[in-house]
Amino acid sequence: MSYTKDQITNRKFDVVIVGAGGSGMRASLQLARAGLNVAVLSKVFPTRSHTVAAQGGVSASLGNMSDDNWEYHFYDTVKGSDWLGDQDAIEFMCREAPKVVYELEHMGMPFDRNPDGTIYQRPFGGHTANFGEKPVQRACAAADRTGHAMLHTLYQANVAARTTFFVEWMALDLIRNAEGDVVGVTALEMETGELYTLQAQTVLFATGGAGRIFQSSTNAFINTGDGLGMAARAGIPLQDMEFWQFHPTGVAGAGVLLTEGCRGEGAILLNSNGERFMERYAPTLKDLAPRDFVSRCMGQEILEGRGCGPNKDYIHMKLDHLGADTIRKRLPSVEEIGHNFANVDITKEPIPVVPTIHYQMGGIPTNINGQVVENVNGEDKPIKGLYAVGECSCVSVHGANRLGTNSLLDLLVFGKAAGDHIIANTKAGAAQESLPVNAADFTLSRLNRLEAASSGEYAQDIANDMRAIMQTHAGVFRSQESMDEGVQKIAALRDRVANIGLHDTSKVFNTARIEALEVDNLMEAAQATMESAAARKECRGAHLVRDYEHDVTHPTCPLGRNDAEWMKHTLWHSEGNSLSYKPVRMKPLTAETVPPKPRTF
Ligand SMILES: Cc1cc2nc3c(=O)[nH]c(=O)nc-3n(C[C@H](O)[C@H](O)[C@H](O)COP(=O)(O)OP(=O)(O)OC[C@H]3O[C@@H](n4cnc5c(N)ncnc54)[C@H](O)[C@@H]3O)c2cc1C
């Protein structure tokens with residue numbers, strides 16, 4: 001079987017959103033309420049999007065538990081980002097936070113409550129009051145099911161606003177016209193295997209992360225970086241892809257997440273001597289230091305022989321002192337995960353944990369309106385017709401390390417901001433020029449290459465090899481030699497990706513075809529990560545390279561961070577596999593710049 005041009009159906013909308021997670025649905029809600037004809041595509045039913053897995057909370061300086069304000073939140077986020085976050089975008093996000101959380105509350109989000117009826121907030125890693133002085137409770141939570149509650153709230157609001165969903169549809173490629181403007185996407189209806197062009201005045205990517213490029217991951221199988229792949233293939237660079245967050249507490253051996261909310265509620269990490277070792281590394285914030293820092297300290301304990309278990313290869317997280325009542329009220333899913341994935345009753349015994357890949361700080365470059373930007377002659381220039389929000393985008397508020405609960409916030413703030421900007425620039429039902437005649441040619445060639453290669457390699461064999469390479473060569477501790485080797489291995493994998501074959505070419509619900517197409521996207525994300533990482537010759541946030549480590553007193557590179565040379569964003573270009581750089585935006589919108597200093601806790 002092969003795909004031909006004359007089988008393709010074209011459909012027209014004002015806006016096409018690819019992705020029905022928190023970010024996509026926050027944007028679509030805005031657009032549908034404004035009367036625009038908006039189509040939202042998703043590989044899965046909207047409420048199964050990965051946002052549903054978010055556990056711990058969404059940050060906003062509501063000050064319900066003690067004194068807090070957006071300036072403290074702004075400072076924590078800049079410091080958490082290890083000064084790679086853009087300070088204008090960070091100010092915008094932190095100022096908007098209370099507003100978007102209250103909006104969600106008014107839509108019906110079932111937040112946990114304090115006795116006085118206000119939203120309950122728990123402590124989280126790197127959240128402080130008075131510019132780092134002491135921990136503060138800023139994470140608004142619905143038990144340990146915050147993402148679940150958020151996604152269902154947004155879905156119901158979208159149903160009420162009559163958003164059109166295309167469920168189990170996979171977008172394949174961007175369509176750009178002769179001027180380079182984005183005018184639609186090609187998409188596959190999974191159930192029938194039919195190919196469509198979906199034409200629109202504006203396309204918004206909300207496709208989530210690419211966490212499945214790593215072997216041990218808290219991410220769902222659908223997190224294959226499709227937006228990144230589509231952008232990269234359409235000539236749009238990917239920003240800061242060397243920065244991947246390892247979450248300190250994945251269940252050892254399973255990778256399933258145990259929220260930072262555990263430590264927020266008082267859980268502690270212990271080594272094989274029963275020592276609460278974080279007191280040594282981070283005397284002020286202890287177990288609630290940011291994630292990159294805690295992950296590294298855990299790795300260090302294991303490397304120095306103080307890991308737990310027969311192979312001394314994990315750390316214990318102890319929760320039993322919180323009491324069964326608190327655990328069941330605040331962390332019910334964690335108790336279930338303990339039983340199901342570690343065979344541990346967390347109300348009685350510690351649970352084995354290891355750092356596990358969790359979040360991509362980089363992504364498709366955007367401005368604070370969600371417009372995708374290209375850096376032309378040193379200036380960020382929006383690409384007409386294309387927006388990106390949520391984990392697939394890089395605005396950049398997370399820089400080199402994201403603070404816990406800032407991602408659910410990022411998708412609310414920038415999902416709404418992108419929606420508002422699109423509304424201001426779109427006329428409902430405006431005439432659209434016909435699509436270019438070659439609109440689907442590239443997608444047709446991708447599909448027909450797969451159909452023809454009946455004896456090619458299995459996509460999953462290649463994906464598994466990729467994950468092993470990434471885990472080994474771009475892990476918590478990196479070295480220049482290992483990253484350079486990783487670059488070679490990933491480049492070699494590209495040739496194998498080109499030889500993937502389909503052993504079954506049936507059309508209806510052919511998941512092998514979907515997985516093969518996803519591997520094209522994983523490939524872009526993996527190569528962007530490996531190349532960007534090997535080029536960055538310093539330590540910053542989640543990027544720790546043993547060769548460049550220094551202690552905090554080093555005169556020019558304290559803790560290995562080299563601001564003189566590397567306080568800049570990486571841009572990886574798929575075509576030509578090359579890198580370029582652009583400066584970090586140090587000037588906030590109204591606040592004083594937070595000047596760089598060594599990051600200690
Ligand atoms: C286990 C876990 C717990 C977390 N807990 C927290 C937390 O407590 N607080 C916090 O702030 N952050 C948390 N995070 C991070 C946060 O949940 C995510 O970053 C965020 O939810 C991502 O939302 P999104 O809208 O960008 O993408 P997603 O929710 O991942 O949605 C992506 C959407 O894109 C669709 N899609 C993808 N590719 C295609 C395609 N080609 N065609 C059509 N549709 C496509 C998918 O079907 C899906 O609908 C957690 C992450 C994990 C993994």
# chains A, B, ... in the order shown; residues from 1 in each chain; ligands from 1
call {"tool": "select_by_dssp", "arguments": {"residues": "stretch 226-363 of chain A", "states": "helix (DSSP H, G or I)", "output": "number ranges by chain"}}
result
A: 226-233, 261-264, 278-281, 286-288, 291-303, 320-322, 324-330, 332-342
call {"tool": "select_by_dssp", "arguments": {"residues": "stretch 140-367 of chain A", "states": "strand (DSSP E or B)", "output": "PyMOL selection string"}}
result
chain A and resi 140+164-167+169-176+182-189+194-205+217+238-239+244-251+257+268-270+308+314-318+351-360+363-366
call {"tool": "residues_around", "arguments": {"residues": "stretch 158-175 of chain A", "least_positions_apart": "4", "cutoff": "6 Å", "atoms": "only C-alpha atoms", "output": "ChimeraX atom specification"}}
result
/A:29,32-33,39-45,182-190,230,439
call {"tool": "residues_around", "arguments": {"residues": "stretch 279-283 of chain A", "least_positions_apart": "4", "cutoff": "8 Å", "atoms": "only C-alpha atoms", "output": "PyMOL selection string"}}
result
chain A and resi 287+289+297+600-601
call {"tool": "closest_atom_pairs", "arguments": {"of": "stretch 55-100 of chain A", "to": "stretch 136-156 of chain A", "cutoff": "6 Å", "atoms": "only C-alpha atoms", "output": "CSV"}}
result
residue,atom,partner,partner_atom,distance
A:Gln55,CA,A:Asp144,CA,4.4
A:Gly56,CA,A:Asp144,CA,5.3
A:Gly57,CA,A:Ala141,CA,4.4
A:Val58,CA,A:Cys140,CA,5.2
A:Ser59,CA,A:Ala139,CA,4.4
A:Ala60,CA,A:Arg138,CA,5.9
A:Ser61,CA,A:Arg138,CA,5.7
call {"tool": "residues_around", "arguments": {"residues": "A:His50", "least_positions_apart": "3", "cutoff": "9 Å", "atoms": "only C-alpha atoms", "output": "JSON, numbers by chain"}}
result
{"A": [21, 22, 47, 53, 54, 147, 208, 219, 220, 222, 223]}
call {"tool": "write_last_selection", "arguments": {"atoms": "C-alpha atoms", "output": "short mmCIF file (atom, residue, chain, number, x, y, z; two decimals), in the first residue's frame"}}
result
data_model
loop_
_atom_site.label_atom_id
_atom_site.label_comp_id
_atom_site.auth_asym_id
_atom_site.auth_seq_id
_atom_site.Cartn_x
_atom_site.Cartn_y
_atom_site.Cartn_z
CA GLY A 21 -2.75 18.44 27.81
CA GLY A 22 -2.91 21.29 30.31
CA THR A 47 -7.79 13.55 29.99
CA ALA A 53 0.26 12.42 36.01
CA ALA A 54 1.35 15.63 37.73
CA GLY A 147 -2.55 17.38 37.41
CA GLY A 208 4.45 18.01 25.80
CA ASN A 219 7.19 10.11 31.41
CA ALA A 220 4.35 8.34 29.59
CA ILE A 222 3.32 9.11 24.33
CA ASN A 223 5.95 11.70 25.35
#
call {"tool": "residues_around", "arguments": {"residues": "A:Arg467", "least_positions_apart": "6", "cutoff": "12 Å", "atoms": "only C-alpha atoms", "output": "count of residues only"}}
result
26
call {"tool": "residues_around", "arguments": {"residues": "A:Gln488", "least_positions_apart": "5", "cutoff": "12 Å", "atoms": "only C-alpha atoms", "output": "mmCIF file with N, CA and C atoms, in the first residue's frame"}}
result
data_model
loop_
_atom_site.group_PDB
_atom_site.id
_atom_site.type_symbol
_atom_site.label_atom_id
_atom_site.label_comp_id
_atom_site.auth_asym_id
_atom_site.auth_seq_id
_atom_site.Cartn_x
_atom_site.Cartn_y
_atom_site.Cartn_z
ATOM 1 N N MET A 466 18.538 3.869 21.331
ATOM 2 C CA MET A 466 18.672 5.316 21.572
ATOM 3 C C MET A 466 18.580 5.614 23.072
ATOM 4 N N ILE A 469 21.700 4.718 24.936
ATOM 5 C CA ILE A 469 22.799 5.670 24.672
ATOM 6 C C ILE A 469 22.595 6.948 25.491
ATOM 7 N N MET A 470 21.364 7.466 25.468
ATOM 8 C CA MET A 470 21.100 8.727 26.167
ATOM 9 C C MET A 470 21.302 8.583 27.676
ATOM 10 N N HIS A 473 25.164 8.390 28.216
ATOM 11 C CA HIS A 473 26.032 9.507 27.810
ATOM 12 C C HIS A 473 25.483 10.893 28.151
ATOM 13 N N GLU A 481 34.341 13.244 27.645
ATOM 14 C CA GLU A 481 34.646 12.080 26.807
ATOM 15 C C GLU A 481 33.376 11.279 26.519
ATOM 16 N N SER A 482 32.578 11.062 27.541
ATOM 17 C CA SER A 482 31.366 10.270 27.375
ATOM 18 C C SER A 482 30.360 10.990 26.471
ATOM 19 N N MET A 483 30.248 12.315 26.628
ATOM 20 C CA MET A 483 29.305 13.045 25.763
ATOM 21 C C MET A 483 29.778 13.017 24.308
ATOM 22 N N LEU A 493 22.985 6.480 14.703
ATOM 23 C CA LEU A 493 21.619 5.950 14.791
ATOM 24 C C LEU A 493 20.701 6.551 13.725
ATOM 25 N N ARG A 494 21.025 7.759 13.268
ATOM 26 C CA ARG A 494 20.193 8.400 12.231
ATOM 27 C C ARG A 494 20.079 7.525 10.983
ATOM 28 N N ASP A 495 21.187 6.890 10.615
ATOM 29 C CA ASP A 495 21.150 6.033 9.416
ATOM 30 C C ASP A 495 20.203 4.872 9.639
ATOM 31 N N GLN A 527 19.222 13.902 19.296
ATOM 32 C CA GLN A 527 20.421 14.508 18.708
ATOM 33 C C GLN A 527 20.600 15.945 19.197
ATOM 34 N N MET A 530 22.153 15.637 22.722
ATOM 35 C CA MET A 530 23.547 15.158 22.767
ATOM 36 C C MET A 530 24.501 16.229 22.240
ATOM 37 N N GLU A 531 24.139 16.827 21.083
ATOM 38 C CA GLU A 531 25.021 17.834 20.467
ATOM 39 C C GLU A 531 25.135 19.071 21.363
ATOM 40 N N ALA A 534 27.267 18.227 24.562
ATOM 41 C CA ALA A 534 28.713 18.054 24.358
ATOM 42 C C ALA A 534 29.395 19.387 24.093
#
call {"tool": "decode", "arguments": {"residues": "stretch 95-126 of chain A", "atoms": "N, CA and C atoms", "output": "mmCIF file, in the first residue's frame"}}
result
data_model
loop_
_atom_site.group_PDB
_atom_site.id
_atom_site.type_symbol
_atom_site.label_atom_id
_atom_site.label_comp_id
_atom_site.auth_asym_id
_atom_site.auth_seq_id
_atom_site.Cartn_x
_atom_site.Cartn_y
_atom_site.Cartn_z
ATOM 1 N N ARG A 95 4.163 36.952 38.279
ATOM 2 C CA ARG A 95 3.110 37.945 38.562
ATOM 3 C C ARG A 95 1.729 37.411 38.199
ATOM 4 N N GLU A 96 1.657 36.624 37.116
ATOM 5 C CA GLU A 96 0.357 36.108 36.657
ATOM 6 C C GLU A 96 -0.137 34.936 37.499
ATOM 7 N N ALA A 97 0.782 34.313 38.271
ATOM 8 C CA ALA A 97 0.464 33.031 38.914
ATOM 9 C C ALA A 97 -0.815 33.053 39.761
ATOM 10 N N PRO A 98 -0.946 34.000 40.727
ATOM 11 C CA PRO A 98 -2.166 33.965 41.542
ATOM 12 C C PRO A 98 -3.435 34.061 40.686
ATOM 13 N N LYS A 99 -3.402 34.905 39.646
ATOM 14 C CA LYS A 99 -4.569 35.102 38.784
ATOM 15 C C LYS A 99 -5.000 33.787 38.126
ATOM 16 N N VAL A 100 -4.033 33.062 37.527
ATOM 17 C CA VAL A 100 -4.433 31.845 36.784
ATOM 18 C C VAL A 100 -4.866 30.728 37.732
ATOM 19 N N VAL A 101 -4.310 30.733 38.946
ATOM 20 C CA VAL A 101 -4.736 29.709 39.914
ATOM 21 C C VAL A 101 -6.166 30.006 40.398
ATOM 22 N N TYR A 102 -6.458 31.277 40.684
ATOM 23 C CA TYR A 102 -7.832 31.616 41.105
ATOM 24 C C TYR A 102 -8.832 31.359 39.975
ATOM 25 N N GLU A 103 -8.421 31.615 38.729
ATOM 26 C CA GLU A 103 -9.333 31.314 37.599
ATOM 27 C C GLU A 103 -9.696 29.836 37.589
ATOM 28 N N LEU A 104 -8.675 29.027 37.827
ATOM 29 C CA LEU A 104 -8.897 27.571 37.829
ATOM 30 C C LEU A 104 -9.814 27.173 38.989
ATOM 31 N N GLU A 105 -9.587 27.823 40.137
ATOM 32 C CA GLU A 105 -10.445 27.563 41.296
ATOM 33 C C GLU A 105 -11.901 27.890 40.948
ATOM 34 N N HIS A 106 -12.098 29.020 40.239
ATOM 35 C CA HIS A 106 -13.466 29.432 39.898
ATOM 36 C C HIS A 106 -14.081 28.536 38.821
ATOM 37 N N MET A 107 -13.232 27.834 38.053
ATOM 38 C CA MET A 107 -13.768 26.848 37.092
ATOM 39 C C MET A 107 -14.190 25.566 37.805
ATOM 40 N N GLY A 108 -13.794 25.437 39.064
ATOM 41 C CA GLY A 108 -14.224 24.255 39.826
ATOM 42 C C GLY A 108 -13.112 23.310 40.223
ATOM 43 N N MET A 109 -11.849 23.721 40.056
ATOM 44 C CA MET A 109 -10.740 22.818 40.423
ATOM 45 C C MET A 109 -10.793 22.480 41.925
ATOM 46 N N PRO A 110 -10.831 21.179 42.263
ATOM 47 C CA PRO A 110 -10.988 20.788 43.673
ATOM 48 C C PRO A 110 -9.674 20.810 44.454
ATOM 49 N N PHE A 111 -9.159 22.028 44.716
ATOM 50 C CA PHE A 111 -7.940 22.143 45.532
ATOM 51 C C PHE A 111 -8.207 21.666 46.960
ATOM 52 N N ASP A 112 -7.156 21.162 47.630
ATOM 53 C CA ASP A 112 -7.255 20.921 49.074
ATOM 54 C C ASP A 112 -7.444 22.273 49.770
ATOM 55 N N ARG A 113 -8.069 22.232 50.939
ATOM 56 C CA ARG A 113 -8.423 23.488 51.618
ATOM 57 C C ARG A 113 -7.803 23.578 53.006
ATOM 58 N N ASN A 114 -7.541 24.796 53.447
ATOM 59 C CA ASN A 114 -7.205 25.063 54.847
ATOM 60 C C ASN A 114 -8.509 25.172 55.639
ATOM 61 N N PRO A 115 -8.429 25.088 56.977
ATOM 62 C CA PRO A 115 -9.659 25.214 57.773
ATOM 63 C C PRO A 115 -10.441 26.497 57.481
ATOM 64 N N ASP A 116 -9.749 27.586 57.068
ATOM 65 C CA ASP A 116 -10.478 28.840 56.796
ATOM 66 C C ASP A 116 -11.023 28.893 55.367
ATOM 67 N N GLY A 117 -10.892 27.779 54.617
ATOM 68 C CA GLY A 117 -11.485 27.727 53.274
ATOM 69 C C GLY A 117 -10.539 28.142 52.163
ATOM 70 N N THR A 118 -9.365 28.697 52.504
ATOM 71 C CA THR A 118 -8.422 29.089 51.449
ATOM 72 C C THR A 118 -7.729 27.841 50.891
ATOM 73 N N ILE A 119 -7.051 28.020 49.734
ATOM 74 C CA ILE A 119 -6.363 26.891 49.087
ATOM 75 C C ILE A 119 -5.164 26.461 49.937
ATOM 76 N N TYR A 120 -5.059 25.130 50.167
ATOM 77 C CA TYR A 120 -3.909 24.589 50.912
ATOM 78 C C TYR A 120 -2.648 24.687 50.052
ATOM 79 N N GLN A 121 -1.524 25.076 50.630
ATOM 80 C CA GLN A 121 -0.242 25.142 49.911
ATOM 81 C C GLN A 121 0.822 24.386 50.698
ATOM 82 N N ARG A 122 1.635 23.598 49.986
ATOM 83 C CA ARG A 122 2.680 22.815 50.666
ATOM 84 C C ARG A 122 4.070 23.318 50.268
ATOM 85 N N PRO A 123 5.085 23.010 51.101
ATOM 86 C CA PRO A 123 6.455 23.388 50.719
ATOM 87 C C PRO A 123 6.929 22.546 49.530
ATOM 88 N N PHE A 124 7.845 23.079 48.743
ATOM 89 C CA PHE A 124 8.422 22.360 47.607
ATOM 90 C C PHE A 124 9.873 22.798 47.426
ATOM 91 N N GLY A 125 10.616 22.035 46.645
ATOM 92 C CA GLY A 125 12.042 22.289 46.464
ATOM 93 C C GLY A 125 12.334 23.682 45.929
ATOM 94 N N GLY A 126 13.214 24.406 46.624
ATOM 95 C CA GLY A 126 13.677 25.703 46.136
ATOM 96 C C GLY A 126 12.685 26.833 46.338
#
